[in-house]
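Undergrad: Here it is, the structure in full.
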Amino acid sequence: DLAGHGLSNLAEDERVWPCMSVVPQGWSWAFYLAQLAHDTVARRVLPQVPVLSDFCPAPSLGDSGGVIRITYADNAAILGTSPAAVNKAQDTLNAELIRLGLQVHDVSHAEPFAHILGLEIDGIAGVVKPQLARAWKLGMALRYVEEGRPVNSVQLRRLVGHCMFTFLMSRPLLSIFHHVYRFIEAGYTHSRRAWDSVRRECSWARALLPLLGVSLRTPWSSLVTATDSCPSGYGV
C-alpha cells in the first residue's frame with residue numbers, strides 16, 4: 001500500500017524512482033556485502049580476536065588469548081579454550097549486531113559440541129568432521145552413481161561440488177576423482193549409466209567417508225615435503 005507514503009496523488013505521467021533499502025536476495029553481490037558487513041562489525045568490537053579466514057594461516061589459540069572467530073555471511077562462531085572468554089566475545093558481538101538493527105537468532109553459548117556449516121566440532125576429542133546427516137546424504141548420492149543409476153554431467157558436477165567441500169578437511173581425498181571430471185567434461189545432457197571408471201572412483205570416495213575428519217591437536221611437522229604427479233608412482 002503506497003497511499004501512506006504520499007504516493008496516492010501522482011499525476012498520470014509522473015515517474016517514481018524506487019530505491020531498495022535492503023540487499024535483494026539472489027543479487028550476485030549480496031553474499032559478499034553480507035560477509036563484509038558482518039566481518040567489519042566483528043573486527044571493530046572484537047579487535048583482539050583473530051579470525052579463521054581463507055588463504056591465511058590458521059590462528060593459534062595459544063597466541064590469541066584462547067579465542068578465535070569464524071564469520072560466514074550471517075553465521076558467526078566463537079571458538080576457544082575458555083568458556084568464559086567465548087561467551088564474552090559472543091555476547092559482545094551479538095549486542096553490537098542488535099544495536100545496529102540486525103536480527104540475531106539461534107544463539108548458543110560455550111559448549112563442548114557444536115555444529116556449524118555442515119561440520120561437527122567435538123571439543124572433548126579435539127576433532128572436526130562432517131555432520132553425520134551430511135556425510136550420510138553424500139554417501140547415498142555416491143552410492144547412486146556407484147550402482148550404475150542414470151546420471152548426467154550436470155548432476156555429477158553438483159555431486160562433486162558437495163564432495164569438494166566435505167573433502168577439504170582431508171585433502172588427500174581430493175585426488176580420488178579423475179575419470180569423474182572427464183565424464184563431466186563430456187557434457188552429457190541426458191542421464192545415462194556412468195562409466196565403470198567413474199563408478200569405481202565414487203565407490204572409493206564413499207568407502208573413505210568414515211575416515212573424514214581432522215584433529216585440532218595435531219602438532220606442526222618440522223619437515224616440509226613437496227611432490228608432483230607421476231605416471232609411474234605416487235609422487236616425485
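Order determines the names: the first chain of the C-alpha cells is A, the second B, and so forth; residues in each chain are numbered 1 upward, and ligands are numbered 1 upward as they are shown.
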Near region 18-25 of chain A, within 10 Å and counting only C-alpha atoms, which residues show up once chain neighbours fewer than 6 positions away are dropped, as a JSON list (two decimals) with all heavy atoms, in the first residue's frame?
TA:
```
[["chain", "number", "residue", "atom", "x", "y", "z"],
["A", 31, "PHE", "N", 25.94, -11.81, -1.15],
["A", 31, "PHE", "CA", 26.71, -12.59, -0.19],
["A", 31, "PHE", "C", 27.98, -11.84, 0.22],
["A", 31, "PHE", "O", 28.33, -11.80, 1.40],
["A", 31, "PHE", "CB", 27.08, -13.95, -0.79],
["A", 31, "PHE", "CG", 27.78, -14.87, 0.17],
["A", 31, "PHE", "CD1", 27.06, -15.79, 0.91],
["A", 31, "PHE", "CD2", 29.16, -14.80, 0.36],
["A", 31, "PHE", "CE1", 27.70, -16.62, 1.81],
["A", 31, "PHE", "CE2", 29.80, -15.63, 1.25],
["A", 31, "PHE", "CZ", 29.07, -16.55, 1.98],
["A", 33, "LEU", "N", 28.57, -8.61, 0.27],
["A", 33, "LEU", "CA", 28.27, -7.47, 1.13],
["A", 33, "LEU", "C", 27.85, -7.91, 2.53],
["A", 33, "LEU", "O", 28.21, -7.26, 3.53],
["A", 33, "LEU", "CB", 27.18, -6.61, 0.49],
["A", 33, "LEU", "CG", 27.58, -5.89, -0.80],
["A", 33, "LEU", "CD1", 26.40, -5.14, -1.40],
["A", 33, "LEU", "CD2", 28.74, -4.93, -0.53],
["A", 34, "ALA", "N", 27.09, -9.01, 2.61],
["A", 34, "ALA", "CA", 26.71, -9.53, 3.93],
["A", 34, "ALA", "C", 27.94, -9.97, 4.71],
["A", 34, "ALA", "O", 28.08, -9.70, 5.90],
["A", 34, "ALA", "CB", 25.73, -10.70, 3.76]]
```
Undergrad: Could you pull out the residues in region 121-211 of chain A that DSSP calls strand (DSSP E or B) from the backbone, as a list of chain:residue names?
TA: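 These are the residues in question: A:Ile121, A:Asp122, A:Val127, A:Val128, A:Lys129, A:Pro130, A:Val151, A:Arg192.
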Undergrad: Enumerate, as a ChimeraX atom specification, the complete set of residues in region 38-192 of chain A that a backbone-based DSSP assignment places in alpha helix (DSSP H).
TA: /A:38-45,83-99,132-146,153-167,179-185
Undergrad: Pick the closest to Val151 (chain A) from A:Ile184, A:Ile98, A:Leu79, A:Val51: which is it, counting only C-alpha atoms?
TA: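 Smallest distance to Val151 (chain A) is found for A:Ile184.
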Undergrad: When you draw a straight line from CA of Ala205 (chain A) to CA of Phe55 (chain A), how long is it in Å?
TA: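 If I compute the distance from CA of Ala205 (chain A) to CA of Phe55 (chain A), I get 25.9 Å.
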Undergrad: Env of His105 (chain A): 12 Å cut, atoms = only C-alpha atoms, seq-sep filter 2 positions within chain, self excluded. Answer as a ChimeraX atom specification.
TA: /A:74-76,94,97-98,102-103,107-108
Undergrad: Create the file for the chosen residues now, containing N, CA, C and O atoms and written as a PDB file, in the first residue's frame.
TA:
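And here is the file that came out, selection_29.pdb:
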```pdb
ATOM      1  N   ASP A  74      25.932 -14.575   7.375  1.00  0.00           N
ATOM      2  CA  ASP A  74      25.225 -14.202   8.602  1.00  0.00           C
ATOM      3  C   ASP A  74      25.462 -15.203   9.732  1.00  0.00           C
ATOM      4  O   ASP A  74      24.785 -15.152  10.760  1.00  0.00           O
ATOM      5  N   ASN A  75      26.444 -16.082   9.569  1.00  0.00           N
ATOM      6  CA  ASN A  75      26.787 -17.038  10.623  1.00  0.00           C
ATOM      7  C   ASN A  75      28.064 -16.600  11.325  1.00  0.00           C
ATOM      8  O   ASN A  75      28.996 -16.114  10.694  1.00  0.00           O
ATOM      9  N   ALA A  76      28.084 -16.770  12.637  1.00  0.00           N
ATOM     10  CA  ALA A  76      29.278 -16.436  13.412  1.00  0.00           C
ATOM     11  C   ALA A  76      29.505 -17.512  14.460  1.00  0.00           C
ATOM     12  O   ALA A  76      28.557 -18.007  15.082  1.00  0.00           O
ATOM     13  N   ASN A  94      27.084 -10.056  19.559  1.00  0.00           N
ATOM     14  CA  ASN A  94      25.630 -10.068  19.406  1.00  0.00           C
ATOM     15  C   ASN A  94      25.018  -8.732  19.822  1.00  0.00           C
ATOM     16  O   ASN A  94      24.083  -8.235  19.178  1.00  0.00           O
ATOM     17  N   LEU A  97      25.505  -6.221  17.016  1.00  0.00           N
ATOM     18  CA  LEU A  97      24.645  -6.517  15.873  1.00  0.00           C
ATOM     19  C   LEU A  97      23.212  -6.086  16.149  1.00  0.00           C
ATOM     20  O   LEU A  97      22.539  -5.500  15.279  1.00  0.00           O
ATOM     21  N   ILE A  98      22.731  -6.350  17.354  1.00  0.00           N
ATOM     22  CA  ILE A  98      21.370  -5.952  17.727  1.00  0.00           C
ATOM     23  C   ILE A  98      21.256  -4.433  17.757  1.00  0.00           C
ATOM     24  O   ILE A  98      20.248  -3.848  17.327  1.00  0.00           O
ATOM     25  N   LEU A 102      20.306  -5.456  13.388  1.00  0.00           N
ATOM     26  CA  LEU A 102      20.400  -6.758  12.734  1.00  0.00           C
ATOM     27  C   LEU A 102      19.883  -7.846  13.658  1.00  0.00           C
ATOM     28  O   LEU A 102      20.228  -7.881  14.837  1.00  0.00           O
ATOM     29  N   GLN A 103      19.058  -8.727  13.119  1.00  0.00           N
ATOM     30  CA  GLN A 103      18.460  -9.774  13.932  1.00  0.00           C
ATOM     31  C   GLN A 103      19.486 -10.852  14.271  1.00  0.00           C
ATOM     32  O   GLN A 103      20.278 -11.252  13.420  1.00  0.00           O
ATOM     33  N   VAL A 107      21.049 -18.454  19.007  1.00  0.00           N
ATOM     34  CA  VAL A 107      22.257 -18.169  19.779  1.00  0.00           C
ATOM     35  C   VAL A 107      22.517 -19.301  20.765  1.00  0.00           C
ATOM     36  O   VAL A 107      21.609 -19.764  21.456  1.00  0.00           O
ATOM     37  N   SER A 108      23.751 -19.769  20.818  1.00  0.00           N
ATOM     38  CA  SER A 108      24.146 -20.768  21.805  1.00  0.00           C
ATOM     39  C   SER A 108      25.449 -20.342  22.432  1.00  0.00           C
ATOM     40  O   SER A 108      26.286 -19.708  21.783  1.00  0.00           O
TER      41      SER A 108
END
```
Undergrad: As number ranges by chain, please: the residues near Leu174 (chain A) (cut-off 9 Å, only C-alpha atoms, same-chain neighbours under 5 positions excluded).
TA: A: 163-164, 167-168
Undergrad: Please provide the set of residues having any atom within 9 Å of Glu147 (chain A), restricted to only C-alpha atoms, with same-chain residues fewer than 3 positions apart removed, written as an MDAnalysis selection string.
TA: chainID A and resid 142:144 193 199 203
Undergrad: Store the residues picked out above in a file with C-alpha atoms, as a short mmCIF file (atom, residue, chain, number, x, y, z; two decimals), in the first residue's frame.
TA:
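Result file part35.cif:
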```
data_model
loop_
_atom_site.label_atom_id
_atom_site.label_comp_id
_atom_site.auth_asym_id
_atom_site.auth_seq_id
_atom_site.Cartn_x
_atom_site.Cartn_y
_atom_site.Cartn_z
CA LEU A 142 27.82 -41.52 -4.32
CA ARG A 143 26.22 -44.93 -3.98
CA TYR A 144 23.56 -43.89 -6.50
CA ARG A 193 24.88 -45.10 -16.77
CA ARG A 199 31.58 -45.71 -10.68
CA SER A 203 32.92 -46.26 -4.67
#
```
Undergrad: Looking at only C-alpha atoms, which of A:Ser60, A:Ser53, A:Asn152, A:Gln35 is the one that sits closest to Trp220 (chain A)?
TA: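 Smallest separation from Trp220 (chain A) among the options: A:Ser60.
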Undergrad: Which residues are near Pro83 (chain A)? Cut-off 12 Å, only C-alpha atoms, ignore same chain within fewer than 5 positions. Put them as number ranges by chain.
TA: A: 65-67, 78, 88-90, 108-112, 123
